[in-house]
Every structure is written in structure tokens, then in C-alpha cells.
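Trainee: Have a look at this one before I ask anything.
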Amino acid sequence: MRARDFERQLGELLKAPVEHLTSGGKVALVERHLAALLADETLEGLAVRFEPFVPGRRATDEGAYPGLGSSEQVGLYNRARSPGDRMTLLVRCYRDGCVVPELPAGAAAVVTIEQIDADGLPIGVVPGWDRRDVGDQLAPAGGPAVPVPTATPRALALVLDVNEVFGVEEPGDDHLGFGDLFHRRYRVGLDVVVGGARMAGDDIEVAVYNEERFGSLYQRLVDVLLPYDTARQAGRRGSGAELEVASHPWFPVLCIGMQKAHLYMEAIASDLLEVDEQRMLTDPGWLLRVGLYLELLTCLGIAEAVRDEIDILTPSERQCFDESAAYDDIRDRIDKEAWQQVWRHRDIALGRRGLPSAANLLRKKSATFAFLHAHHEDLKHSIDLAGPNLHNAQETWHRVFRDAERAVLQMNRDAFPELLELPGVAREFALWHESGSFGGLRFAPRQLTELFGDQDGVFPSACRQYRASMNEVAAWALDNGLMEYTGDECIPPSASLLEAHFSKQPSRLARLQWRDGYAGSLEVRPEEERGLAIDRQQILESLQHVELLSALTVDELQRLAEGVRPIVLGHLERIIIQGREGSSLFILQDGELEVLVRDGVADRQVAVLQPPAVVGELAFLLDEPRSATVRAIEQATVLELGAAALRPIVEARPAVLDALTGLLEERRRRTDETAGPGGLMERVRRAIFAS
């Protein structure tokens with residue numbers, strides 16, 4: 001900036017009206033800044049930055065793998081948990097563009113937290129968090145120092161107990177309740193203050209969700225709506241027997257929806273709660289948003305459809321839903337007529353004794369398909385409201401689908417009292433029959449074939465219908481820039497538990513279950529705790545296969561090995577996505593990876609990689625967009641190395657920077673790739689020192 005421009009801008013700032021600040025106050029503020037800068041010239045190059053959330057990374061990574069951590073973007077509020085969910089925000093300090101390990105001596109760290117609306121406008125400051133000094137709460141992430149003398153500086157961690165910080169309730173306030181759509185958004189602002197002057201600062205937006213209320217509207221449908229309609233049908237037909245709610249055609253699909261939500265909420269909680277962090281989802285926040293909006297749209301759509309018969313909302317909820325601006329987007333997207341069509345699929349088929357007949361299974365199947373059709377449209381709206389996910393939507397979609405399969409498979413005979421009227425082989429037929437076969441037998445129960453014909457049973461039909469629905473929604477979201485995926489369809493049959501079972505592939509079934517944290521059979525049973533064994537000698541040998549690291553000594557490679565992060569990939573899980581930027585390279589340690597290039601709208605496989613293949617070398621040092629997508633074929637273990645891990649080596653031996661640049665230039669000459677904007681050495685330096 002030219003001195004004349006600086007003077008002009010300073011004059012404009014001094015003349016500009018500032019809220020709560022007089023002309024004298026503005027002058028005093030400028031004087032404080034000048035005094036701080038004169039006392040410590042290094043403050044002129046000081047900056048702080050909240051590390052943004054990066055899909056697949058966790059705040060806990062920063063302790064063991066400096067430079068590979070990320071802030072949490074969501075927290076779970078649950079009064080039954082003490083202490084509450086610990087939301088960790090990472091803060092990196094910079095001086096003249098390079099990461100430094102701590103704030104300047106004598107600097108105070110001041111945090112302000114305010115609630116914001118959907119447009120990011122402030123609603124009010126959280127009590128107790130108006131310019132609160134958190135200097136005693138900021139500490140290097142991960143606890144004890146990394147056992148490497150010149151390790152890359154770790155980010156500072158600000159740890160917030162969600163219940164304590166965001167759980168302050170006003171009298172009469174339904175905190176994080178229906179009126180809040182079960183969540184609130186906040187802006188966390190950090191200021192570095194020296195001598196009363198703000199010398200640097202940054203802010204980050206987070207969201208807090210009421211874990212206790214997820215699934216509560218689904219539960220209300222089961223507890224209020226279905227008992228009302230079941231009793232009404234029994235009274236209308238004069239049935240001598242008291243009908244169970246499980247007889248209602250809507251009962252299984254609602255139970256499946258509730259159980260699916262419960263399963264993926266368990267995965268989300270496992271990812272977010274540091275004590276149980278399992279890495280089941282690369283982005284728990286996106287699934288939280290989609291699941292929340294889906295529950296609101298579905299349950300409130302049903303509430304509107306049946307409102308003339310019974311209002312399942314409380315008076316205060318009804319007023320809020322009808323009048324609150326917070327529900328404008330929800331109201332605009334509800335298709336009342338669609339849910340009224342589904343509500344027509346609710347008549348219970350009774351037999352001669354006034355009890356549900358086997359034909360009621362067909363009623364339940366018909367109701368499930370009708371439900372999924374309306375639910376299908378709500379799912380589109382949910383994704384639109386949740387916002388685009390162009391990084392890991394496919395992996396999340398696979399997990400949600402398999403949780404739906406698990407929910408279907410957990411539907412026991414309590415959900416199908418009609419089965420009690422059938423002999424054992426007939427029950428198995430009704431649940432498991434696959435059209436065209438019956439477990440290799442040439443016959444099927446006559447009473448079932450006469451009633452149902454040769455069609456899929458309850459389990460395969462529900463799972464296949466749901467996969468088709470999720471794939472159609474994913475294709476729509478892809479066309480509208482809301483999701484992305486690799487391959488012809490988002491969820492191929494190979495990602496299905498049920499298809500692995502039917503095709504007699506127990507090893508694939510076990511791998512799919514294991515990736516999601518379950519034991520290796522169709523039984524939905526959590527796996528015992530597992531750990532990933534790390535062999536440092538094997539990591540060192542893997543690093544020796546990286547061409548760009550050939551200039552490093554064995555001692556330097558051993559030091560580098562300390563910052564390598566192992567990652568286990570599940571079936572078709574991607575580690576690199578074409579077009580996305582990245583500053584890490586990956587070494588395949590176990591399994592196989594496939595490389596795909598998107599040509600127009602189709603993905604074409606160009607290579608299958610075996611250990612110890614290396615991918616992402618150029619982006620590693622130049623932070624360039626990826627030129628291909630790389631994913632596991634079945635299950636694979638890769639080692640991630642971030643550019644920041646090279647910093648202590650370059651600091652100790654600056655000639656390494658020249659060697660790295662020379663290797664890059666040679667690599668580009670061989671591959672006829674252009675260098676891009678800026679000199680190679682400067683770009684490599686930025687990747688290493690500003691990570």
C-alpha cells in the first residue's frame with residue numbers, strides 16, 4: 001500500500017461514525033494501537049485464525065499430527081450428559097505469514113459469543129461471554145508436547161463445554177426446543193488484545209443441536225397418532241378384539257424411521273464426543289442438518305395432513321408453527337396433499353376373528369411405499385435447507401442407507417403381529433423371500449404365494465426401495481449442485497449389507513459392518529473397541545518410496561514419520577476428489593485404491609494401485625486442485641502426510657527447500673505440467689510454513 005493510500009484510508013476511518021465511540025474515543029483507540037506497535041514491532045505482522053472444519057479431520061488430530069487438525073463446527077446439547085460435549089475450536093497464530101506456537105507475551109485472548117440468525121445477523125450475546133478473557137483456557141492442542149524437539153507448532157485449543165456455555169436458559173424459555181427448530185447458531189469471536197488495543201482477531205460460526213429432541217416428533221406419531229387411529233378403526237368396525245398399534249400399516253415404516261435416526265445419531269455422537277471419537281462420518285454436521293430438517297418436514301407434513309382429525313402439536317407448538325418466522329421455510333415446503341394421500345393407506349386388514357390377517361402385510365408394504373414417495377420429496381427439501389455438501393456426501397449417503405438397512409433388519413415380530421398366524425417357514429418367506437428364489441429351495445409356502453405371488457419379502461423390498469429412492473434424490477441433488485458422488489449411482493449394490501448377504505459375500509458384509517462400527521454379521525451388534533496398530537518402521541519404509549522426499553536423510557524421514565496420520569478407508573470411500581484442493585499426500589499401506597477421472601459426466605477408471613503407491617504428491621506441496629478421484633476398492637489403509645510436517649526439517653536444513661523445488665521442477669518436466677502462477681519455491685515455502 002502506498003503511503004498516500006494509507007493516509008487517505010486512515011482519514012476516512014477517523015471521520016466515520018462508530019457505534020458507542022466518540023471522536024475522542026477514536027483518537028484514544030488509535031493511540032493505544034500505536035503504543036502497542038512501538039513497544040513490540042512484531043505485532044505489526046501478527047494474525048490469528050480459527051482453523052476451519054475440514055471433512056475427515058478432528059480437533060484431536062492436532063495433538064499427534066500438527067497441521068492436520070480442524071475445529072469442530074457442531075456441538076450436542078444434552079442435559080443428561082455431564083460434563084457436556086466438549087466443542088474444541090483450534091486457533092493458529094501467525095507472524096508475517098508463518099505459524100508460531102503462541103500468542104505474544106503480555107497479550108490477552110478475549111472471546112465474545114453471540115447467537116445469530118439464519119442470515120448471520122446477531123440476536124444477542126451469550127450470558128457470561130461478552131469479551132471474556134480466556135487466556136487460561138487456551139493451550140496447545142493435544143495436551144503434552146509432541147515428542148519431537150522441533151515439531152511443527154500446534155494450534156491453540158479453545159475447549160467449550162456445550163451444556164455450560166450454550167445451555168443457559170431464560171425463565172419460560174423452551175431452550176433449543178420446538179421454537180428454535182431444536183438448534184441454534186452462534187458466532188465465536190476471538191480478539192488478541194495488547195495494551196487495551198485489539199491487534200488481531202477472527203471469528204467462526206458453530207451450531208448447537210439438542211440431542212435430546214432428535215426423534216421426538218417421530219416418537220409422537222407412534223405414541224399419539226397411531227393409537228388414536230388404531231382405536232378409531234377398531235371402534236368403527238366393531239371389532240371384538242382390541243387392536244394393537246403394531247397392527248397399523250404405518251407402524252413398521254415409522255419404527256424404521258425412528259431406528260434409522262437413532263443409529264445415525266449414535267454415529268454422530270461417537271464422532272463428536274471426544275472420549276468416544278470413532279470417525280464414522282467425515283462430516284457429522286451435514287448429516288445432523290439433513291436429519292433435523294427431514295424430521296421436521298416429514299412429521300409436520302403429517303401433522304398438517306391429519307389436523308382436521310387430531311392435532312398432534314401442543315397449543316404452543318401450533319402457534320409457533322403457524323406464526324413464527326423461524327418456520328417460514330418449513331411451511332413453504334410442506335406438501336399437505338401428498339401426506340393426505342399417504343394417510344389414506346392406513347386401513348388395517350382384519351381376519352375372521354377381528355385380528356389382523358396375513359393380508360395386512362400387504363397393507364404395510366403399500367403404506368411403506370406410499371410413505372417413501374412423500375418422504376422422497378421431503379428429503380430433497382432437507383438437503384436444500386441443509387446446504388450443499390460437495391466433499392463427502394457420497395460416503396455419508398452410504399452410511400445413512402446402511403443404517404436404514406439395519407433398521408429394517410431389526411424389525412422383529414413385534415412390528416408384524418400378522419406373522420404369528422403363520423408357520424415358521426411362511427414367516428421366513430414373508431420376511432426374506434427374494435423374487436425368483438427361496439434360499440435355494442424350489443418350493444414356497446402355498447398360502448403365501450397365493451396371497452403375495454412371487455415378489456420380494458419385507459426385508460429385501462424395503463431395502464431396495466429405499467436404495468432406489470436415495471439414489472434418485474442424490475441424482476437430483478447432483479444436478480442442482482447440492483451433492484456430489486463418484487460412479488453411475490451414489491449407492492451401488494456393492495455398498496448394501498443385504499445385497500452382500502444375498503450374494504453370499506460374507507467378507508464384504510463384514511467389511512461394511514466393521515467400517516460402521518458393527519460386528520461382521522447381519523446382526524446389529526456394536527463391535528468391541530478396536531485400535532489401529534501403527535508400525536513406525538513400516539511408515540518409515542513407506543516414506544522412502546515417496547519421490548519428492550528422496551532428498552531427505554533417514555533421520556529426517558524418521559522425524560517426518562512422527563507426523564504421519566493413518567486412515568482406514570471403507571468400501572468405495574474416497575480420499576481424494578477431483579477438482580478439490582488439498583495439501584496432503586497419501587501412501588497406500590494396505591488394500592487397493594482405484595483412480596478415476598471424470599470425463600464430462602462419466603467417471604473412468606484409469607488405474608488400480610497397490611502398496612506402496614503414492615498419490616497427491618504435487619498438490620501436497622503446491623496446494624493445487626486434484627486431477628483425479630482416488631478411492632478404496634474394498635478396504636484400505638493409507639498414510640496421510642501434510643506439508644506442515646516438513647517445517648522443522650526445512651528450518652533445521654534450509655537446503656531441503658531447494659531440493660524439494662528441484663524435484664518438483666523435474667517432475668513437471670517429465671509430465672509436461674505447467675508450473676502455474678507464482679514461482680515454485682515460493683509456493684512450496686507457503687505450503688510448508690503457512691499450513
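Residues are referred to by chain and number: the chain letter is A, B, ... according to the order shown in the C-alpha cells, the number counts from 1 in that chain, and ligands are numbered separately from 1 in the order shown.
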Residues at most 10 Å from A:Leu225, counting only C-alpha atoms, excluding those fewer than 3 positions away in the same chain, as a ChimeraX atom specification?

Mentor: /A:219-222,228-230,245,302-303,306,309-312

Trainee: Please dump the current selection as an mmCIF file, in the first residue's frame; keep N, CA and C atoms.

Mentor:
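again31.cif, freshly written:
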data_model
loop_
_atom_site.group_PDB
_atom_site.id
_atom_site.type_symbol
_atom_site.label_atom_id
_atom_site.label_comp_id
_atom_site.auth_asym_id
_atom_site.auth_seq_id
_atom_site.Cartn_x
_atom_site.Cartn_y
_atom_site.Cartn_z
ATOM 1 N N GLN A 219 -41.450 -40.057 17.466
ATOM 2 C CA GLN A 219 -41.999 -40.792 18.604
ATOM 3 C C GLN A 219 -43.425 -40.351 18.885
ATOM 4 N N ARG A 220 -43.715 -39.084 18.678
ATOM 5 C CA ARG A 220 -45.071 -38.589 18.934
ATOM 6 C C ARG A 220 -46.070 -39.195 17.951
ATOM 7 N N LEU A 221 -45.634 -39.415 16.729
ATOM 8 C CA LEU A 221 -46.523 -40.068 15.771
ATOM 9 C C LEU A 221 -46.897 -41.469 16.246
ATOM 10 N N VAL A 222 -45.917 -42.179 16.792
ATOM 11 C CA VAL A 222 -46.166 -43.537 17.281
ATOM 12 C C VAL A 222 -46.980 -43.517 18.569
ATOM 13 N N TYR A 228 -54.453 -43.321 18.343
ATOM 14 C CA TYR A 228 -55.743 -42.686 18.058
ATOM 15 C C TYR A 228 -56.412 -43.364 16.862
ATOM 16 N N ASP A 229 -55.664 -43.545 15.760
ATOM 17 C CA ASP A 229 -56.277 -44.083 14.545
ATOM 18 C C ASP A 229 -56.582 -45.571 14.678
ATOM 19 N N THR A 230 -55.735 -46.304 15.396
ATOM 20 C CA THR A 230 -55.997 -47.732 15.609
ATOM 21 C C THR A 230 -57.286 -47.927 16.394
ATOM 22 N N VAL A 245 -51.356 -51.322 18.362
ATOM 23 C CA VAL A 245 -50.831 -50.272 17.490
ATOM 24 C C VAL A 245 -49.930 -50.871 16.411
ATOM 25 N N ILE A 302 -47.124 -34.515 8.124
ATOM 26 C CA ILE A 302 -48.153 -35.442 8.596
ATOM 27 C C ILE A 302 -49.110 -34.727 9.541
ATOM 28 N N ALA A 303 -48.555 -33.883 10.413
ATOM 29 C CA ALA A 303 -49.401 -33.139 11.354
ATOM 30 C C ALA A 303 -50.423 -32.280 10.615
ATOM 31 N N VAL A 306 -53.297 -34.537 9.000
ATOM 32 C CA VAL A 306 -54.302 -35.149 9.896
ATOM 33 C C VAL A 306 -54.930 -34.121 10.825
ATOM 34 N N GLU A 309 -58.515 -34.148 11.926
ATOM 35 C CA GLU A 309 -58.940 -35.251 12.779
ATOM 36 C C GLU A 309 -58.333 -35.158 14.167
ATOM 37 N N ILE A 310 -57.034 -34.864 14.243
ATOM 38 C CA ILE A 310 -56.327 -34.774 15.518
ATOM 39 C C ILE A 310 -55.110 -33.874 15.328
ATOM 40 N N ASP A 311 -54.883 -32.991 16.273
ATOM 41 C CA ASP A 311 -53.700 -32.126 16.204
ATOM 42 C C ASP A 311 -52.646 -32.711 17.138
ATOM 43 N N ILE A 312 -51.562 -33.206 16.562
ATOM 44 C CA ILE A 312 -50.528 -33.840 17.384
ATOM 45 C C ILE A 312 -49.570 -32.817 17.999
#

Trainee: Show which residues sit within 10 Å of A:Glu395, as a ChimeraX atom specification. Count only C-alpha atoms, and ignore same-chain residues fewer than 5 positions away.

Mentor: /A:280-283,400,485,490-491,570-574

Trainee: Show which residues sit within 7 Å of stretch 615-631 of chain A, as a list of chain:residue names. Count only C-alpha atoms, and ignore same-chain residues fewer than 5 positions away.

Mentor: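 So the residues in contact are A:Leu572, A:Glu573, A:Arg574, A:Ile575, A:Ile576, A:Ile577, A:Gln578, A:Gly579, A:Arg580, A:Glu581, A:Gly582, A:Ser583, A:Ser584, A:Leu585, A:Phe586, A:Ile587, A:Leu593, A:Glu594, A:Val595, A:Leu596, A:Val597, A:Gly642, A:Ala643, A:Arg683, A:Val684, A:Ala687.
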
Trainee: Take the selection from the previous step and output its residues with C-alpha atoms, as a PDB file, in the first residue's frame.

Mentor:
ATOM      1  CA  LEU A 572     -15.641 -47.054  -2.092  1.00  0.00           C
ATOM      2  CA  GLU A 573     -14.607 -44.377   0.421  1.00  0.00           C
ATOM      3  CA  ARG A 574     -12.706 -41.558  -1.261  1.00  0.00           C
ATOM      4  CA  ILE A 575      -9.514 -39.961  -0.008  1.00  0.00           C
ATOM      5  CA  ILE A 576      -9.066 -37.528  -2.927  1.00  0.00           C
ATOM      6  CA  ILE A 577     -11.806 -35.933  -5.038  1.00  0.00           C
ATOM      7  CA  GLN A 578     -11.116 -34.496  -8.480  1.00  0.00           C
ATOM      8  CA  GLY A 579     -11.226 -30.706  -8.581  1.00  0.00           C
ATOM      9  CA  ARG A 580     -10.916 -30.248  -4.802  1.00  0.00           C
ATOM     10  CA  GLU A 581      -7.841 -28.567  -3.349  1.00  0.00           C
ATOM     11  CA  GLY A 582      -5.566 -30.412  -0.958  1.00  0.00           C
ATOM     12  CA  SER A 583      -2.192 -30.115   0.747  1.00  0.00           C
ATOM     13  CA  SER A 584      -1.568 -33.730   1.770  1.00  0.00           C
ATOM     14  CA  LEU A 585      -0.101 -36.756   0.063  1.00  0.00           C
ATOM     15  CA  PHE A 586      -1.226 -40.305   0.786  1.00  0.00           C
ATOM     16  CA  ILE A 587       0.719 -43.564   0.822  1.00  0.00           C
ATOM     17  CA  LEU A 593      -7.083 -47.922  -4.456  1.00  0.00           C
ATOM     18  CA  GLU A 594      -8.647 -47.051  -7.779  1.00  0.00           C
ATOM     19  CA  VAL A 595      -8.015 -43.807  -9.649  1.00  0.00           C
ATOM     20  CA  LEU A 596     -10.900 -42.335 -11.636  1.00  0.00           C
ATOM     21  CA  VAL A 597     -11.058 -39.325 -13.925  1.00  0.00           C
ATOM     22  CA  GLY A 642       0.655 -32.830   5.484  1.00  0.00           C
ATOM     23  CA  ALA A 643       3.042 -30.227   4.123  1.00  0.00           C
ATOM     24  CA  ARG A 683       4.645 -21.707  -3.448  1.00  0.00           C
ATOM     25  CA  VAL A 684       6.392 -24.608  -1.692  1.00  0.00           C
ATOM     26  CA  ALA A 687       2.601 -24.623   1.720  1.00  0.00           C
TER      27      ALA A 687
END

Trainee: Using only C-alpha atoms, find the one residue out of A:Ala305, A:Ile204, A:Phe251, A:Phe401 that sits nearest to A:Arg346.

Mentor: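 Checking each candidate against A:Arg346, we get A:Phe251 as the closest.
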
Trainee: Excluding A:Gly481 and any residue of its chain fewer than 5 positions from it, enumerate the residues within 12 Å of it, using only C-alpha atoms, and give them as a list in words.

Mentor: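 Skipping anything fewer than 5 positions along the chain leaves Ile383, Asp384, Gly387, Pro388, Asn389, Leu390, His391, Ala393, Ala474, Ala475 and Trp476 of chain A.
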
Trainee: Output the selection as a PDB file, in the first residue's frame - N, CA and C atoms for each residue.

Mentor:
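To be explicit, this is the file written out as result.pdb:
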ATOM      1  N   ILE A 383     -32.127 -31.577   2.039  1.00  0.00           N
ATOM      2  CA  ILE A 383     -30.775 -31.335   1.530  1.00  0.00           C
ATOM      3  C   ILE A 383     -30.620 -29.876   1.129  1.00  0.00           C
ATOM      4  N   ASP A 384     -31.651 -29.327   0.496  1.00  0.00           N
ATOM      5  CA  ASP A 384     -31.605 -27.922   0.086  1.00  0.00           C
ATOM      6  C   ASP A 384     -31.462 -27.008   1.305  1.00  0.00           C
ATOM      7  N   GLY A 387     -27.958 -27.265   3.000  1.00  0.00           N
ATOM      8  CA  GLY A 387     -26.865 -26.641   2.274  1.00  0.00           C
ATOM      9  C   GLY A 387     -26.029 -27.667   1.539  1.00  0.00           C
ATOM     10  N   PRO A 388     -25.276 -27.242   0.534  1.00  0.00           N
ATOM     11  CA  PRO A 388     -24.525 -28.179  -0.301  1.00  0.00           C
ATOM     12  C   PRO A 388     -23.432 -28.904   0.464  1.00  0.00           C
ATOM     13  N   ASN A 389     -23.186 -30.129   0.072  1.00  0.00           N
ATOM     14  CA  ASN A 389     -22.048 -30.908   0.562  1.00  0.00           C
ATOM     15  C   ASN A 389     -21.330 -31.450  -0.668  1.00  0.00           C
ATOM     16  N   LEU A 390     -20.247 -30.813  -1.024  1.00  0.00           N
ATOM     17  CA  LEU A 390     -19.515 -31.180  -2.236  1.00  0.00           C
ATOM     18  C   LEU A 390     -18.198 -31.868  -1.902  1.00  0.00           C
ATOM     19  N   HIS A 391     -18.114 -32.437  -0.686  1.00  0.00           N
ATOM     20  CA  HIS A 391     -16.869 -33.066  -0.243  1.00  0.00           C
ATOM     21  C   HIS A 391     -17.033 -34.532   0.153  1.00  0.00           C
ATOM     22  N   ALA A 393     -20.539 -36.168   0.510  1.00  0.00           N
ATOM     23  CA  ALA A 393     -21.948 -36.555   0.540  1.00  0.00           C
ATOM     24  C   ALA A 393     -22.123 -38.040   0.247  1.00  0.00           C
ATOM     25  N   ALA A 474     -30.194 -38.382  -4.678  1.00  0.00           N
ATOM     26  CA  ALA A 474     -28.796 -37.992  -4.886  1.00  0.00           C
ATOM     27  C   ALA A 474     -28.575 -37.475  -6.307  1.00  0.00           C
ATOM     28  N   ALA A 475     -29.205 -38.119  -7.296  1.00  0.00           N
ATOM     29  CA  ALA A 475     -29.068 -37.658  -8.687  1.00  0.00           C
ATOM     30  C   ALA A 475     -29.672 -36.272  -8.849  1.00  0.00           C
ATOM     31  N   TRP A 476     -30.817 -36.045  -8.208  1.00  0.00           N
ATOM     32  CA  TRP A 476     -31.434 -34.716  -8.248  1.00  0.00           C
ATOM     33  C   TRP A 476     -30.519 -33.687  -7.583  1.00  0.00           C
TER      34      TRP A 476
END

Trainee: At a cut-off of 9 Å, using only C-alpha atoms, what residues contact stretch 363-368 of chain A? Leave out same-chain residues fewer than 4 positions from it and give the result as a list of chain:residue names.

Mentor: A:Ser247, A:His248, A:Pro249, A:Trp250, A:Phe251, A:Pro252, A:Val253, A:Leu254, A:Val342, A:Trp343, A:Arg344, A:His345, A:Arg346, A:Asp347, A:Ile348, A:Ala349, A:Ala359, A:Leu372, A:His373, A:Val458, A:Ser461, A:Ala462

Trainee: May I ask which of the residues A:Gln115, A:Gln410, A:Gln635, A:Ser550 is the closest one to A:Leu522, counting only C-alpha atoms?

Mentor: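 Under the stated criterion, the closest residue is A:Gln410.
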
Trainee: Extract the full set of strand (DSSP E or B) residues from stretch 517-587 of chain A according to DSSP on the backbone, and format it as a list in words.

Mentor: Tyr518, Pro526, Arg565, Pro566, Ile567, Val568, Leu569, Arg574, Ile575, Ile576, Glu581, Ser584, Leu585, Phe586 and Ile587 of chain A

Trainee: Compile the contact shell of A:Leu569 as a PyMOL selection string: residues with an atom at most 7 Å away, counting only C-alpha atoms, same-chain residues fewer than 5 positions apart removed.

Mentor: chain A and resi 632+635-637

Trainee: Compare A:Glu634, A:Glu266, A:Asp332, A:Glu164 by their minimum atom-to-atom distance to A:Arg508, counting only C-alpha atoms, and give me the closest one.

Mentor: A:Glu634

Trainee: Go through A:Leu362, A:Leu76, A:Leu243, A:Ala645 one by one, measure the shortest atom-to-atom distance of each to A:Leu226 using only C-alpha atoms, and give the residue with the smallest value.

Mentor: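 Once distances to A:Leu226 are computed over only C-alpha atoms, the minimum belongs to A:Leu243.
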
Trainee: Enumerate, as a short mmCIF file (atom, residue, chain, number, x, y, z; two decimals) with C-alpha atoms, in the first residue's frame, the complete set of residues in stretch 24-260 of chain A that a backbone-based DSSP assignment places in helix (DSSP H, G or I).

Mentor:
data_model
loop_
_atom_site.label_atom_id
_atom_site.label_comp_id
_atom_site.auth_asym_id
_atom_site.auth_seq_id
_atom_site.Cartn_x
_atom_site.Cartn_y
_atom_site.Cartn_z
CA GLY A 24 -12.01 11.40 21.45
CA GLY A 25 -12.56 7.67 21.91
CA LYS A 26 -11.45 7.03 18.34
CA VAL A 27 -8.27 9.04 18.87
CA ALA A 28 -7.55 7.18 22.12
CA LEU A 29 -8.04 3.86 20.34
CA VAL A 30 -5.55 4.81 17.61
CA GLU A 31 -3.06 5.94 20.26
CA ARG A 32 -3.32 2.58 22.04
CA HIS A 33 -2.62 0.74 18.79
CA LEU A 34 0.41 2.95 18.06
CA ALA A 35 1.75 2.48 21.57
CA ALA A 36 1.48 -1.32 21.30
CA LEU A 37 3.20 -1.38 17.89
CA LEU A 38 6.04 0.90 19.09
CA ALA A 39 6.57 -1.34 22.12
CA GLU A 41 7.29 -4.23 16.27
CA THR A 42 6.47 -7.91 15.73
CA LEU A 43 2.81 -7.12 16.46
CA GLU A 44 2.59 -5.50 13.04
CA GLY A 45 2.76 -8.94 11.41
CA ASP A 61 -5.65 -34.90 15.34
CA GLU A 62 -3.78 -31.69 16.05
CA GLY A 63 -2.07 -33.11 19.15
CA ALA A 64 -0.48 -36.07 17.38
CA VAL A 162 -21.60 -27.22 25.30
CA ASN A 163 -24.04 -27.66 28.19
CA GLU A 164 -22.39 -24.93 30.28
CA VAL A 165 -21.67 -22.38 27.55
CA PHE A 166 -24.73 -22.78 25.32
CA PHE A 178 -39.52 -26.52 19.06
CA GLY A 179 -39.37 -22.74 18.65
CA ASP A 180 -35.64 -22.96 17.90
CA GLU A 211 -29.59 -34.20 21.04
CA GLU A 212 -32.46 -35.00 23.42
CA ARG A 213 -35.10 -33.82 20.96
CA SER A 216 -39.11 -36.82 19.44
CA LEU A 217 -41.56 -35.90 16.67
CA TYR A 218 -41.34 -39.38 15.14
CA GLN A 219 -42.00 -40.79 18.60
CA ARG A 220 -45.07 -38.59 18.93
CA LEU A 221 -46.52 -40.07 15.77
CA VAL A 222 -46.17 -43.54 17.28
CA ASP A 223 -47.37 -42.51 20.75
CA VAL A 224 -50.24 -40.21 19.75
CA LEU A 225 -51.33 -40.52 16.12
CA LEU A 226 -51.22 -44.29 15.63
CA PRO A 227 -53.01 -45.21 18.90
CA TYR A 228 -55.74 -42.69 18.06
CA ASP A 229 -56.28 -44.08 14.55
CA THR A 230 -56.00 -47.73 15.61
CA ALA A 231 -58.68 -47.25 18.26
CA ARG A 232 -60.83 -45.32 15.80
CA GLN A 233 -60.64 -48.14 13.26
CA ALA A 234 -61.48 -50.77 15.88
CA GLY A 235 -64.48 -48.79 17.03
CA ARG A 236 -65.69 -48.10 13.53
CA ARG A 237 -65.56 -51.77 12.55
CA VAL A 245 -50.83 -50.27 17.49
CA ALA A 246 -48.38 -52.64 15.77
CA SER A 247 -51.27 -53.67 13.51
CA PHE A 251 -46.28 -48.77 12.31
CA PRO A 252 -43.27 -50.50 10.64
CA VAL A 253 -42.21 -47.56 8.49
CA LEU A 254 -42.33 -45.16 11.45
CA CYS A 255 -40.36 -47.61 13.59
CA ILE A 256 -37.81 -47.96 10.80
CA GLY A 257 -37.50 -44.17 10.53
CA MET A 258 -37.02 -43.80 14.27
CA GLN A 259 -34.47 -46.59 14.47
CA LYS A 260 -32.54 -45.28 11.44
#

Trainee: Have a look at atom CA of A:Val473 and atom CA of A:Lys380 and let me know their distance in Å, one decimal.

Mentor: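 Interatomic distance here is 6.1 Å.
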